[in-house]
>>> print(open('query26.cif').read())   # mmCIF, C-alpha atoms (C1' of nucleotides)
data_query
loop_
_atom_site.label_atom_id
_atom_site.label_comp_id
_atom_site.auth_asym_id
_atom_site.auth_seq_id
_atom_site.Cartn_x
_atom_site.Cartn_y
_atom_site.Cartn_z
CA MET A 768 -32.35 9.84 -20.73
CA ARG A 769 -32.39 12.23 -17.78
CA GLN A 770 -33.11 9.44 -15.30
CA ARG A 771 -30.20 7.33 -16.43
CA ASN A 772 -27.83 10.26 -16.24
CA GLU A 773 -28.89 11.20 -12.75
CA ALA A 774 -28.54 7.65 -11.48
CA ARG A 775 -25.08 7.43 -12.90
CA ARG A 776 -24.07 10.63 -11.17
CA LEU A 777 -25.17 9.16 -7.86
CA ASP A 778 -23.18 5.99 -8.50
CA ILE A 779 -20.12 8.08 -9.15
CA LEU A 780 -20.67 10.12 -6.01
CA ARG A 781 -20.91 6.98 -3.92
CA ALA A 782 -17.78 5.55 -5.50
CA ALA A 783 -15.93 8.80 -4.93
CA ALA A 784 -17.04 8.85 -1.31
CA ARG A 785 -15.59 5.38 -0.78
CA VAL A 786 -12.29 6.49 -2.18
CA PHE A 787 -12.35 9.69 -0.12
CA ARG A 788 -12.91 7.58 2.92
CA ARG A 789 -10.10 5.13 2.45
CA ARG A 790 -7.47 7.42 0.94
CA GLY A 791 -8.35 10.81 2.35
CA ILE A 792 -9.59 13.64 0.23
CA ALA A 793 -6.25 14.99 -0.90
CA ALA A 794 -4.84 11.57 -1.77
CA ALA A 795 -7.93 10.43 -3.66
CA GLY A 796 -7.10 10.55 -7.35
CA MET A 797 -9.48 10.99 -10.25
CA ARG A 798 -8.07 7.84 -11.82
CA GLU A 799 -8.87 5.83 -8.71
CA ILE A 800 -12.33 7.31 -8.41
CA ALA A 801 -12.92 6.45 -12.06
CA GLU A 802 -11.83 2.86 -11.53
CA GLU A 803 -14.01 2.53 -8.43
CA ALA A 804 -16.98 3.84 -10.38
CA GLY A 805 -16.24 1.61 -13.34
CA LEU A 806 -15.52 4.15 -16.04
CA SER A 807 -12.58 5.89 -17.62
CA PRO A 808 -10.88 8.92 -16.07
CA GLY A 809 -11.83 11.20 -18.92
CA ASN A 810 -15.43 10.14 -18.77
CA LEU A 811 -15.79 11.49 -15.24
CA TYR A 812 -15.78 14.93 -16.77
CA HIS A 813 -18.99 14.22 -18.62
CA TYR A 814 -20.79 13.95 -15.32
CA PHE A 815 -18.92 16.45 -13.21
CA SER A 816 -16.90 19.53 -13.97
CA GLY A 817 -14.03 18.24 -11.87
CA LYS A 818 -12.88 16.90 -8.54
CA ASP A 819 -14.03 20.01 -6.70
CA GLU A 820 -17.61 19.57 -7.81
CA ILE A 821 -17.63 15.91 -6.81
CA LEU A 822 -16.37 16.84 -3.38
CA LEU A 823 -18.88 19.66 -3.05
CA PHE A 824 -21.80 17.40 -3.88
CA CYS A 825 -20.61 14.77 -1.41
CA GLN A 826 -20.43 17.33 1.34
CA GLU A 827 -23.77 18.91 0.51
CA ARG A 828 -25.56 15.61 0.47
CA THR A 829 -24.31 14.62 3.90
CA LEU A 830 -25.07 17.97 5.48
CA GLU A 831 -28.49 18.03 3.88
CA ARG A 832 -29.28 14.76 5.59
CA MET A 833 -28.06 15.99 8.94
CA LEU A 834 -30.13 19.14 8.69
CA ALA A 835 -33.16 17.00 7.90
CA ALA A 836 -32.59 15.03 11.09
CA VAL A 837 -32.72 18.26 13.05
CA GLN A 838 -36.05 19.18 11.48
CA ASP A 839 -37.53 15.77 12.19
CA ALA A 840 -36.55 15.71 15.85
CA ARG A 841 -39.44 15.86 18.33
CA GLY A 842 -39.85 15.74 22.09
CA THR A 843 -37.96 17.23 25.00
CA ALA A 844 -34.62 18.93 24.47
CA ALA A 845 -32.83 15.82 25.68
CA GLU A 846 -34.82 13.59 23.35
CA ARG A 847 -34.25 15.83 20.38
CA LEU A 848 -30.57 16.11 21.12
CA ARG A 849 -30.22 12.37 21.36
CA ALA A 850 -32.06 11.91 18.08
CA VAL A 851 -29.85 14.40 16.28
CA LEU A 852 -26.62 12.98 17.67
CA GLU A 853 -27.60 9.44 16.82
CA ALA A 854 -28.61 10.44 13.31
CA HIS A 855 -25.31 12.23 12.96
CA VAL A 856 -23.34 9.15 13.94
CA HIS A 857 -25.35 7.01 11.57
CA SER A 858 -24.81 9.39 8.66
CA MET A 859 -21.18 9.23 9.53
CA LEU A 860 -20.77 5.47 9.82
CA ASP A 861 -23.54 3.64 8.02
CA GLU A 862 -23.59 5.18 4.64
CA LEU A 863 -19.90 5.07 4.17
CA GLU A 864 -21.01 7.13 1.27
CA SER A 865 -20.04 10.72 1.60
CA ALA A 866 -19.77 10.98 5.33
CA THR A 867 -16.11 11.63 5.85
CA ALA A 868 -15.94 14.24 3.14
CA HIS A 869 -18.08 16.71 5.04
CA LEU A 870 -15.34 17.16 7.59
CA ASP A 871 -12.90 19.00 5.37
CA VAL A 872 -14.50 22.16 4.11
CA GLU A 873 -11.00 23.52 3.69
CA ALA A 874 -10.40 21.10 0.85
CA LEU A 875 -12.80 23.05 -1.32
CA PRO A 876 -11.53 25.93 -3.45
CA GLU A 877 -12.16 29.36 -1.99
CA GLU A 878 -15.24 30.20 -4.06
CA MET A 879 -17.17 27.02 -3.29
CA ARG A 880 -16.53 27.21 0.41
CA ALA A 881 -19.01 29.91 1.41
CA PRO A 882 -22.29 28.02 0.89
CA MET A 883 -20.94 24.95 2.67
CA ILE A 884 -19.76 26.99 5.61
CA ALA A 885 -23.16 28.63 5.80
CA LYS A 886 -24.90 25.25 5.94
CA ARG A 887 -22.45 23.91 8.46
CA ASP A 888 -22.96 26.95 10.66
CA ALA A 889 -26.72 26.62 10.40
CA TYR A 890 -26.46 23.02 11.56
CA GLU A 891 -24.26 23.94 14.48
CA ARG A 892 -26.58 26.78 15.42
CA ALA A 893 -29.57 24.45 15.37
CA ILE A 894 -27.90 22.08 17.80
CA ARG A 895 -26.81 24.91 20.02
CA SER A 896 -30.34 26.24 20.21
CA ILE A 897 -31.56 22.84 21.39
CA VAL A 898 -28.99 23.00 24.17
CA GLU A 899 -29.97 26.55 25.08
CA GLU A 900 -33.62 25.70 25.11
CA GLY A 901 -32.94 22.75 27.37
CA VAL A 902 -31.15 25.06 29.77
CA LYS A 903 -33.93 27.63 29.66
CA ARG A 904 -36.57 24.98 30.38
CA GLY A 905 -34.55 23.67 33.27
CA GLU A 906 -33.89 20.29 31.66
CA PHE A 907 -30.18 20.97 31.48
CA ALA A 908 -27.78 22.58 33.88
CA PRO A 909 -26.49 26.01 32.85
CA CYS A 910 -23.42 25.70 30.63
CA ALA A 911 -21.42 27.31 27.86
CA ALA A 912 -23.76 26.23 25.09
CA ALA A 913 -21.50 27.11 22.18
CA LEU A 914 -18.55 25.28 23.65
CA VAL A 915 -20.56 22.22 24.61
CA THR A 916 -22.09 22.07 21.15
CA ARG A 917 -18.67 22.01 19.58
CA ALA A 918 -17.55 19.34 22.02
CA MET A 919 -20.46 17.14 21.00
CA LEU A 920 -19.80 17.71 17.31
CA GLY A 921 -16.16 16.87 17.82
CA ALA A 922 -17.02 13.63 19.56
CA VAL A 923 -19.40 12.45 16.84
CA ASN A 924 -17.29 13.63 13.92
CA TRP A 925 -14.27 11.91 15.38
CA THR A 926 -15.93 8.53 14.96
CA ALA A 927 -15.00 8.62 11.29
CA ARG A 928 -11.37 8.39 12.32
CA TRP A 929 -11.48 5.28 14.39
CA TYR A 930 -14.59 3.34 13.35
CA ARG A 931 -13.96 0.07 11.56
CA PRO A 932 -16.98 -1.84 10.19
CA GLU A 933 -15.34 -5.14 11.11
CA GLY A 934 -14.76 -3.93 14.69
CA PRO A 935 -16.52 -5.20 17.81
CA GLN A 936 -19.23 -2.55 18.11
CA THR A 937 -21.97 -1.79 15.63
CA SER A 938 -22.70 1.75 14.53
CA ALA A 939 -25.96 1.61 16.47
CA GLU A 940 -24.15 0.77 19.70
CA ILE A 941 -21.73 3.59 19.08
CA ALA A 942 -24.58 5.99 18.36
CA THR A 943 -26.48 5.21 21.53
CA GLY A 944 -23.37 4.98 23.68
CA LEU A 945 -22.08 8.34 22.56
CA SER A 946 -25.47 10.00 22.96
CA ASP A 947 -25.79 8.60 26.47
CA TYR A 948 -22.51 10.10 27.52
CA LEU A 949 -22.86 13.42 25.71
CA VAL A 950 -26.37 14.15 26.96
CA LYS A 951 -25.58 13.04 30.48
CA GLY A 952 -22.99 15.77 30.75
CA LEU A 953 -25.75 18.32 30.26
CA LEU A 954 -28.29 17.08 32.80
CA LYS A 955 -28.67 18.71 36.16
CA MET B 245 28.40 23.59 16.09
CA ARG B 246 25.98 20.93 17.25
CA GLN B 247 24.01 23.41 19.40
CA ARG B 248 23.47 25.82 16.55
CA ASN B 249 22.31 23.04 14.25
CA GLU B 250 19.84 21.66 16.76
CA ALA B 251 18.34 25.08 17.46
CA ARG B 252 17.90 25.67 13.78
CA ARG B 253 16.09 22.38 13.35
CA LEU B 254 13.65 23.42 16.05
CA ASP B 255 13.06 26.77 14.37
CA ILE B 256 12.27 24.97 11.15
CA LEU B 257 9.91 22.58 12.90
CA ARG B 258 8.03 25.45 14.45
CA ALA B 259 7.79 27.26 11.13
CA ALA B 260 6.58 24.09 9.42
CA ALA B 261 3.96 23.58 12.11
CA ARG B 262 2.60 27.06 11.50
CA VAL B 263 2.28 26.34 7.80
CA PHE B 264 0.69 22.95 8.49
CA ARG B 265 -1.82 24.69 10.65
CA ARG B 266 -2.90 27.37 8.24
CA ARG B 267 -2.72 25.40 5.00
CA GLY B 268 -3.34 21.85 6.05
CA ILE B 269 -0.71 19.16 5.81
CA ALA B 270 -1.26 18.20 2.20
CA ALA B 271 -1.39 21.76 0.94
CA ALA B 272 1.68 22.87 2.87
CA GLY B 273 4.52 23.20 0.38
CA MET B 274 8.23 22.93 1.04
CA ARG B 275 8.71 26.32 -0.59
CA GLU B 276 6.27 27.93 1.82
CA ILE B 277 7.80 26.18 4.81
CA ALA B 278 11.19 27.39 3.66
CA GLU B 279 10.01 30.97 3.37
CA GLU B 280 8.33 30.82 6.79
CA ALA B 281 11.55 29.52 8.31
CA GLY B 282 13.64 32.10 6.51
CA LEU B 283 15.82 29.94 4.31
CA SER B 284 15.86 28.59 0.78
CA PRO B 285 13.85 25.53 -0.29
CA GLY B 286 16.90 23.48 -1.08
CA ASN B 287 18.47 24.29 2.24
CA LEU B 288 15.68 22.53 4.10
CA TYR B 289 17.22 19.28 2.97
CA HIS B 290 20.36 19.99 4.96
CA TYR B 291 18.34 19.75 8.15
CA PHE B 292 15.74 17.17 7.25
CA SER B 293 15.59 14.33 4.78
CA GLY B 294 12.28 15.59 3.43
CA LYS B 295 8.75 16.65 4.16
CA ASP B 296 7.88 13.29 5.69
CA GLU B 297 10.57 13.61 8.32
CA ILE B 298 9.48 17.13 9.23
CA LEU B 299 5.91 15.93 9.65
CA LEU B 300 7.01 12.93 11.70
CA PHE B 301 9.05 15.08 14.09
CA CYS B 302 6.14 17.51 14.50
CA GLN B 303 3.78 14.70 15.39
CA GLU B 304 6.23 13.01 17.74
CA ARG B 305 6.94 16.18 19.64
CA THR B 306 3.27 16.89 20.28
CA LEU B 307 2.44 13.37 21.36
CA GLU B 308 5.51 13.25 23.56
CA ARG B 309 4.22 16.29 25.41
CA MET B 310 0.78 14.83 25.83
CA LEU B 311 2.19 11.59 27.19
CA ALA B 312 4.23 13.61 29.65
CA ALA B 313 1.06 15.30 30.89
CA VAL B 314 -0.42 11.88 31.63
CA GLN B 315 2.65 10.91 33.66
CA ASP B 316 2.55 14.14 35.65
CA ALA B 317 -1.13 13.91 36.57
CA ARG B 318 -1.85 13.35 40.28
CA GLY B 319 -4.93 13.09 42.46
CA THR B 320 -8.31 11.45 42.05
CA ALA B 321 -9.39 10.02 38.72
CA ALA B 322 -11.49 13.09 38.06
CA GLU B 323 -8.62 15.39 38.89
CA ARG B 324 -6.17 13.50 36.73
CA LEU B 325 -8.60 13.36 33.85
CA ARG B 326 -9.20 17.10 34.04
CA ALA B 327 -5.47 17.76 34.10
CA VAL B 328 -4.85 15.58 31.06
CA LEU B 329 -7.71 17.05 29.07
CA GLU B 330 -6.70 20.60 29.87
CA ALA B 331 -3.09 19.89 28.95
CA HIS B 332 -4.30 18.33 25.73
CA VAL B 333 -6.28 21.42 24.79
CA HIS B 334 -3.36 23.65 25.62
CA SER B 335 -0.96 21.59 23.51
CA MET B 336 -3.50 21.87 20.77
CA LEU B 337 -4.17 25.61 20.93
CA ASP B 338 -1.34 27.45 22.66
CA GLU B 339 1.72 26.26 20.94
CA LEU B 340 0.34 26.59 17.52
CA GLU B 341 3.53 24.76 16.93
CA SER B 342 2.99 21.23 15.86
CA ALA B 343 -0.39 20.61 17.36
CA THR B 344 -2.59 20.14 14.36
CA ALA B 345 -0.16 17.84 12.66
CA HIS B 346 -0.63 15.06 15.18
CA LEU B 347 -4.16 14.52 13.96
CA ASP B 348 -3.29 13.10 10.57
CA VAL B 349 -1.23 9.99 11.05
CA GLU B 350 -2.46 8.90 7.65
CA ALA B 351 -0.43 11.64 6.02
CA LEU B 352 2.76 9.77 6.88
CA PRO B 353 4.17 7.20 4.46
CA GLU B 354 3.38 3.63 5.34
CA GLU B 355 6.74 2.79 6.96
CA MET B 356 6.82 5.75 9.34
CA ARG B 357 3.28 5.23 10.55
CA ALA B 358 3.76 2.30 12.90
CA PRO B 359 5.70 4.02 15.70
CA MET B 360 3.31 6.97 15.68
CA ILE B 361 0.29 4.71 15.86
CA ALA B 362 1.87 2.86 18.76
CA LYS B 363 2.40 6.10 20.69
CA ARG B 364 -1.07 7.32 19.88
CA ASP B 365 -2.57 4.06 21.09
CA ALA B 366 -0.53 4.20 24.28
CA TYR B 367 -1.88 7.67 24.98
CA GLU B 368 -5.45 6.59 24.38
CA ARG B 369 -4.96 3.55 26.58
CA ALA B 370 -3.60 5.71 29.38
CA ILE B 371 -6.66 7.92 29.34
CA ARG B 372 -8.98 4.94 29.18
CA SER B 373 -7.33 3.41 32.22
CA ILE B 374 -7.96 6.60 34.18
CA VAL B 375 -11.63 6.31 33.27
CA GLU B 376 -11.74 2.63 34.20
CA GLU B 377 -10.02 3.27 37.49
CA GLY B 378 -12.51 6.01 38.29
CA VAL B 379 -15.34 3.59 37.68
CA LYS B 380 -13.72 0.88 39.77
CA ARG B 381 -13.21 3.27 42.66
CA GLY B 382 -16.78 4.44 42.44
CA GLU B 383 -15.90 7.98 41.41
CA PHE B 384 -17.51 7.56 38.02
CA ALA B 385 -20.70 5.86 36.94
CA PRO B 386 -20.23 2.62 34.98
CA CYS B 387 -19.80 3.33 31.26
CA ALA B 388 -18.30 2.10 28.04
CA ALA B 389 -14.81 3.32 28.85
CA ALA B 390 -13.33 2.86 25.38
CA LEU B 391 -16.14 4.71 23.70
CA VAL B 392 -16.18 7.53 26.21
CA THR B 393 -12.43 7.94 25.90
CA ARG B 394 -12.73 8.36 22.16
CA ALA B 395 -15.56 10.84 22.63
CA MET B 396 -13.37 12.94 24.89
CA LEU B 397 -10.45 12.78 22.48
CA GLY B 398 -12.72 13.77 19.64
CA ALA B 399 -13.99 16.76 21.55
CA VAL B 400 -10.54 18.06 22.42
CA ASN B 401 -8.97 17.30 19.07
CA TRP B 402 -11.81 19.05 17.30
CA THR B 403 -10.83 22.35 18.91
CA ALA B 404 -8.06 22.68 16.33
CA ARG B 405 -10.75 23.02 13.67
CA TRP B 406 -12.67 25.91 15.08
CA TYR B 407 -10.36 27.74 17.46
CA ARG B 408 -9.29 31.22 16.38
CA PRO B 409 -6.73 33.05 18.53
CA GLU B 410 -8.52 36.35 17.89
CA GLY B 411 -11.85 34.81 18.98
CA PRO B 412 -13.79 35.68 22.14
CA GLN B 413 -12.59 32.87 24.39
CA THR B 414 -9.05 32.19 25.50
CA SER B 415 -7.55 28.75 25.25
CA ALA B 416 -7.64 28.51 29.04
CA GLU B 417 -11.38 29.13 29.10
CA ILE B 418 -11.86 26.51 26.42
CA ALA B 419 -9.70 24.04 28.29
CA THR B 420 -11.59 24.38 31.57
CA GLY B 421 -14.99 24.60 29.91
CA LEU B 422 -14.45 21.44 27.92
CA SER B 423 -13.04 19.56 30.89
CA ASP B 424 -16.01 20.60 33.01
CA TYR B 425 -18.44 19.18 30.51
CA LEU B 426 -16.51 16.05 29.61
CA VAL B 427 -15.84 14.99 33.20
CA LYS B 428 -19.36 15.81 34.32
CA GLY B 429 -20.69 13.19 31.91
CA LEU B 430 -18.78 10.57 33.83
CA LEU B 431 -19.81 11.40 37.39
CA LYS B 432 -22.46 9.41 39.17
"C1'" DA C 585 -32.46 2.64 -41.21
"C1'" DT C 586 -29.89 6.61 -40.01
"C1'" DA C 587 -28.73 11.26 -38.44
"C1'" DG C 588 -27.55 13.49 -34.26
"C1'" DG C 589 -26.68 13.60 -29.81
"C1'" DA C 590 -25.02 11.38 -25.63
"C1'" DT C 591 -21.45 8.54 -23.94
"C1'" DT C 592 -16.95 6.60 -23.68
"C1'" DC C 593 -12.16 6.07 -24.10
"C1'" DG C 594 -7.18 6.62 -23.53
"C1'" DA C 595 -3.54 9.24 -24.67
"C1'" DA C 596 -1.48 13.61 -24.04
"C1'" DC C 597 -1.05 18.21 -21.83
"C1'" DC C 598 0.51 20.90 -18.08
"C1'" DG C 599 0.89 22.99 -13.58
"C1'" DT C 600 2.32 21.87 -9.05
"C1'" DG C 601 5.37 20.46 -5.67
"C1'" DG C 602 8.98 17.37 -3.61
"C1'" DT C 603 13.56 16.73 -4.46
"C1'" DT C 604 18.36 16.98 -6.37
"C1'" DC C 605 22.43 19.22 -7.64
"C1'" DA C 606 26.49 21.87 -8.83
"C1'" DA C 607 28.35 25.67 -7.41
"C1'" DG C 608 29.13 29.48 -4.41
"C1'" DT C 609 29.87 31.56 0.65
"C1'" DC C 610 30.89 31.40 5.34
"C1'" DT C 611 32.99 29.32 9.55
"C1'" DT C 612 36.31 26.94 12.03
"C1'" DG C 613 40.36 24.64 13.54
"C1'" DA C 614 45.28 24.07 12.79
"C1'" DT D 1346 46.51 32.33 6.82
"C1'" DC D 1347 44.43 28.64 4.65
"C1'" DA D 1348 42.31 24.48 3.68
"C1'" DA D 1349 38.14 21.62 4.86
"C1'" DG D 1350 33.84 21.19 5.92
"C1'" DA D 1351 29.42 23.16 7.08
"C1'" DC D 1352 25.99 26.09 5.23
"C1'" DT D 1353 23.32 28.24 1.55
"C1'" DT D 1354 21.33 29.10 -2.82
"C1'" DG D 1355 18.34 29.02 -6.95
"C1'" DA D 1356 17.67 26.66 -10.86
"C1'" DA D 1357 16.46 22.40 -12.81
"C1'" DC D 1358 14.66 17.65 -12.61
"C1'" DC D 1359 10.94 14.57 -12.38
"C1'" DA D 1360 6.80 12.22 -10.92
"C1'" DC D 1361 2.21 12.72 -9.96
"C1'" DG D 1362 -2.40 14.03 -10.74
"C1'" DG D 1363 -6.18 17.04 -12.55
"C1'" DT D 1364 -7.71 18.09 -16.83
"C1'" DT D 1365 -8.39 18.42 -21.97
"C1'" DC D 1366 -9.22 16.61 -26.40
"C1'" DG D 1367 -10.23 14.30 -30.73
"C1'" DA D 1368 -12.03 10.36 -32.16
"C1'" DA D 1369 -14.76 6.08 -31.74
"C1'" DT D 1370 -19.05 3.94 -30.14
"C1'" DC D 1371 -23.70 3.55 -28.48
"C1'" DC D 1372 -28.38 5.00 -28.12
"C1'" DT D 1373 -32.63 7.08 -29.43
"C1'" DA D 1374 -36.02 9.40 -32.03
"C1'" DT D 1375 -37.91 10.13 -36.46
#
>>> encode(input="query26.cif", output="structure tokens")
Amino acid sequence: MRQRNEARRLDILRAAARVFRRRGIAAAGMREIAEEAGLSPGNLYHYFSGKDEILLFCQERTLERMLAAVQDARGTAAERLRAVLEAHVHSMLDELESATAHLDVEALPEEMRAPMIAKRDAYERAIRSIVEEGVKRGEFAPCAAALVTRAMLGAVNWTARWYRPEGPQTSAEIATGLSDYLVKGLLK
Amino acid sequence: MRQRNEARRLDILRAAARVFRRRGIAAAGMREIAEEAGLSPGNLYHYFSGKDEILLFCQERTLERMLAAVQDARGTAAERLRAVLEAHVHSMLDELESATAHLDVEALPEEMRAPMIAKRDAYERAIRSIVEEGVKRGEFAPCAAALVTRAMLGAVNWTARWYRPEGPQTSAEIATGLSDYLVKGLLK
DNA sequence: ATAGGATTCGAACCGTGGTTCAAGTCTTGA
DNA sequence: TCAAGACTTGAACCACGGTTCGAATCCTAT
């Protein structure tokens, strides 16, 4: 019934995300996604309208989670910023799921792009306002908040490029290490 | 003669880099590159063996320039780091030329990848050694040098995603602003 | 049990895009 | 001037990959 269908869709999304991760979005083929998910190529189209929709859902899910982390953050500006950055890194590295996909909004067809861009901008704005508030309260030194925000996002997003699960450092170590450095650059 | 040929190859590389930038590497077509360079699609193959070679040359040229900036840097660790980071941002934003291409080594076919990865690693190692030297000399606070290096690279590489030439800030402002923040996170 | 819908399959369709090619034009050196 | 080779072209080739489709199978509710 409905339950079964929904669960299957999630399985497919996770499988697709793995393929996106290891092949890159453009090089990920529907046939390979189908094989990873354990069904036939044609059958994918019973669950999704096409590759674009799969990609869109992957991206939305990741960004949704990141936005949630912003809402949940409590404490001083520095504490909230650390929490958000760490959550971001964990969404990026732990759930290999859909993390990498959220980086390439350009891969979406023109019409689907707008809502994703809006969400992405909202997320960036939320982080920037934490920075600005920290400055206003005197926690942080004055700085170009927009630029610094993008620098932090670049640093955490970049982890997807070099992180290897079998590498020496765990995702938790990376998360705390990055947050240490990125927040320290803001303090007075 | 030889001169004319070489100049033409450079023109084509620059045109290709512009297309890579605005379309993304995967979506950049040989027909569009040809049009941008002002010659016919088939004629491209008189100057390059194919799309892969064009991409490889674009990436090599950018990385070559960045490595040169590392060699030219003089002064304290902080000064050298600033110089390298600023040069990196400028290579990324000013010469729209081949900058973005260097980010996707994965887009190259398996056989061509090795030399590029080697160069990229050498560049990263050079930056990391500046950080380590700064720590050893007491200029910088102790830190996870490898992780911090990747954070800095992520921040500067990310500029290619959001920078718009018609935007409010010039590339020079971005370069100095980013360097300010990134180096500040290292100081004691 | 059985009709009707959901699911599944794999082959085939078809546009896209990298590449090749045969044939022209232009340049250059003797 | 006149080959010979460099340059140029546009059409055609061909593989790849997203998608469609008709038919077979499974499940569920009555």
>>> interface_residues(input="query26.cif", of="chain C", to="chain A", cutoff="12 Å", atoms="all atoms listed in the file", output="ChimeraX atom specification")
/C:589-596
>>> residues_around(input="query26.cif", residues="DG599 (chain C)", least_positions_apart="3", cutoff="12 Å", atoms="only C-alpha atoms (C1' of nucleotides)", output="ChimeraX atom specification")
/D:1361-1364
>>> atom_distance(input="query26.cif", atom1="CA of Lys380 (chain B)", atom2="CA of Ala366 (chain B)")
20.6 Å
>>> residues_around(input="query26.cif", residues="region 869-878 of chain A", least_positions_apart="4", cutoff="12 Å", atoms="all atoms listed in the file", output="number ranges by chain")
A: 784, 787-788, 791-795, 817-833, 855, 858-859, 863-865, 882-888, 920-921, 923-928; B: 265-271, 402, 405-406
>>> atom_distance(input="query26.cif", atom1="CA of Thr344 (chain B)", atom2="CA of Ala313 (chain B)")
17.6 Å
>>> atom_distance(input="query26.cif", atom1="CA of Ile800 (chain A)", atom2="CA of Arg880 (chain A)")
22.2 Å
>>> closest_atom_pairs(input="query26.cif", of="chain B", to="chain A", cutoff="6 Å", atoms="all atoms listed in the file", output="tab-separated table")
residue	atom	partner	partner_atom	distance
B:Ala395	CA	A:Ala922	CA	4.4
B:Gly398	CA	A:Ala922	CA	4.3
B:Ala399	CA	A:Gly921	CA	4.3
B:Trp402	CA	A:Gly921	CA	4.9
B:Tyr425	CA	A:Gly952	CA	5.7
B:Lys428	CA	A:Gly952	CA	5.1
B:Gly429	CA	A:Gly952	CA	3.6
>>> closest_residue(input="query26.cif", among="A:Ala845, A:Leu777, A:Val898, A:Met797", to="chain D", atoms="only C-alpha atoms (C1' of nucleotides)")
A:Met797
>>> resolve_selection(input="query26.cif", expression="the PyMOL selection byres ((chain D) within 9 of (chain B))", output="short mmCIF file (atom, residue, chain, number, x, y, z; two decimals) with C-alpha atoms (C1' of nucleotides), in the frame of the given file")
data_model
loop_
_atom_site.label_atom_id
_atom_site.label_comp_id
_atom_site.auth_asym_id
_atom_site.auth_seq_id
_atom_site.Cartn_x
_atom_site.Cartn_y
_atom_site.Cartn_z
"C1'" DC D 1352 25.99 26.09 5.23
"C1'" DT D 1353 23.32 28.24 1.55
"C1'" DT D 1354 21.33 29.10 -2.82
"C1'" DG D 1355 18.34 29.02 -6.95
#
>>> resolve_selection(input="query26.cif", expression="the PyMOL selection byres ((chain C and resi 612) around 12)", output="PyMOL selection string")
(chain B and resi 245) or (chain C and resi 610-611+613-614) or (chain D and resi 1347-1351)
>>> axis_aligned_box(input="query26.cif", around="region 589-599 of chain C", padding_each_side="3 Å", output="AutoDock Vina command-line options")
--center_x -12.9 --center_y 14.5 --center_z -21.7 --size_x 33.6 --size_y 22.9 --size_z 22.2
>>> build_atoms(input="query26.cif", residues="region 810-823 of chain A", atoms="N, CA and C atoms", output="PDB file, keeping the file's coordinate frame")
ATOM      1  N   ASN A 810     -13.962  10.171 -18.746  1.00  0.00           N
ATOM      2  CA  ASN A 810     -15.430  10.140 -18.770  1.00  0.00           C
ATOM      3  C   ASN A 810     -16.052  10.781 -17.526  1.00  0.00           C
ATOM      4  N   LEU A 811     -15.288  10.836 -16.451  1.00  0.00           N
ATOM      5  CA  LEU A 811     -15.790  11.490 -15.240  1.00  0.00           C
ATOM      6  C   LEU A 811     -16.229  12.908 -15.555  1.00  0.00           C
ATOM      7  N   TYR A 812     -15.539  13.511 -16.490  1.00  0.00           N
ATOM      8  CA  TYR A 812     -15.780  14.930 -16.770  1.00  0.00           C
ATOM      9  C   TYR A 812     -17.022  15.159 -17.618  1.00  0.00           C
ATOM     10  N   HIS A 813     -17.695  14.055 -17.975  1.00  0.00           N
ATOM     11  CA  HIS A 813     -18.990  14.220 -18.620  1.00  0.00           C
ATOM     12  C   HIS A 813     -20.087  14.365 -17.584  1.00  0.00           C
ATOM     13  N   TYR A 814     -19.782  13.918 -16.369  1.00  0.00           N
ATOM     14  CA  TYR A 814     -20.790  13.950 -15.320  1.00  0.00           C
ATOM     15  C   TYR A 814     -20.523  15.052 -14.297  1.00  0.00           C
ATOM     16  N   PHE A 815     -19.261  15.391 -14.152  1.00  0.00           N
ATOM     17  CA  PHE A 815     -18.920  16.450 -13.210  1.00  0.00           C
ATOM     18  C   PHE A 815     -17.854  17.349 -13.827  1.00  0.00           C
ATOM     19  N   SER A 816     -17.849  18.583 -13.385  1.00  0.00           N
ATOM     20  CA  SER A 816     -16.900  19.530 -13.970  1.00  0.00           C
ATOM     21  C   SER A 816     -15.481  19.272 -13.461  1.00  0.00           C
ATOM     22  N   GLY A 817     -15.365  18.521 -12.393  1.00  0.00           N
ATOM     23  CA  GLY A 817     -14.030  18.240 -11.870  1.00  0.00           C
ATOM     24  C   GLY A 817     -14.101  17.683 -10.459  1.00  0.00           C
ATOM     25  N   LYS A 818     -12.962  17.475  -9.871  1.00  0.00           N
ATOM     26  CA  LYS A 818     -12.880  16.900  -8.540  1.00  0.00           C
ATOM     27  C   LYS A 818     -13.585  17.778  -7.506  1.00  0.00           C
ATOM     28  N   ASP A 819     -13.425  19.074  -7.648  1.00  0.00           N
ATOM     29  CA  ASP A 819     -14.030  20.010  -6.700  1.00  0.00           C
ATOM     30  C   ASP A 819     -15.539  19.819  -6.631  1.00  0.00           C
ATOM     31  N   GLU A 820     -16.158  19.694  -7.800  1.00  0.00           N
ATOM     32  CA  GLU A 820     -17.610  19.570  -7.810  1.00  0.00           C
ATOM     33  C   GLU A 820     -18.047  18.257  -7.160  1.00  0.00           C
ATOM     34  N   ILE A 821     -17.319  17.196  -7.439  1.00  0.00           N
ATOM     35  CA  ILE A 821     -17.630  15.910  -6.810  1.00  0.00           C
ATOM     36  C   ILE A 821     -17.580  16.047  -5.296  1.00  0.00           C
ATOM     37  N   LEU A 822     -16.523  16.660  -4.825  1.00  0.00           N
ATOM     38  CA  LEU A 822     -16.370  16.840  -3.380  1.00  0.00           C
ATOM     39  C   LEU A 822     -17.490  17.700  -2.820  1.00  0.00           C
ATOM     40  N   LEU A 823     -17.809  18.778  -3.512  1.00  0.00           N
ATOM     41  CA  LEU A 823     -18.880  19.660  -3.050  1.00  0.00           C
ATOM     42  C   LEU A 823     -20.201  18.912  -2.921  1.00  0.00           C
TER      43      LEU A 823
END
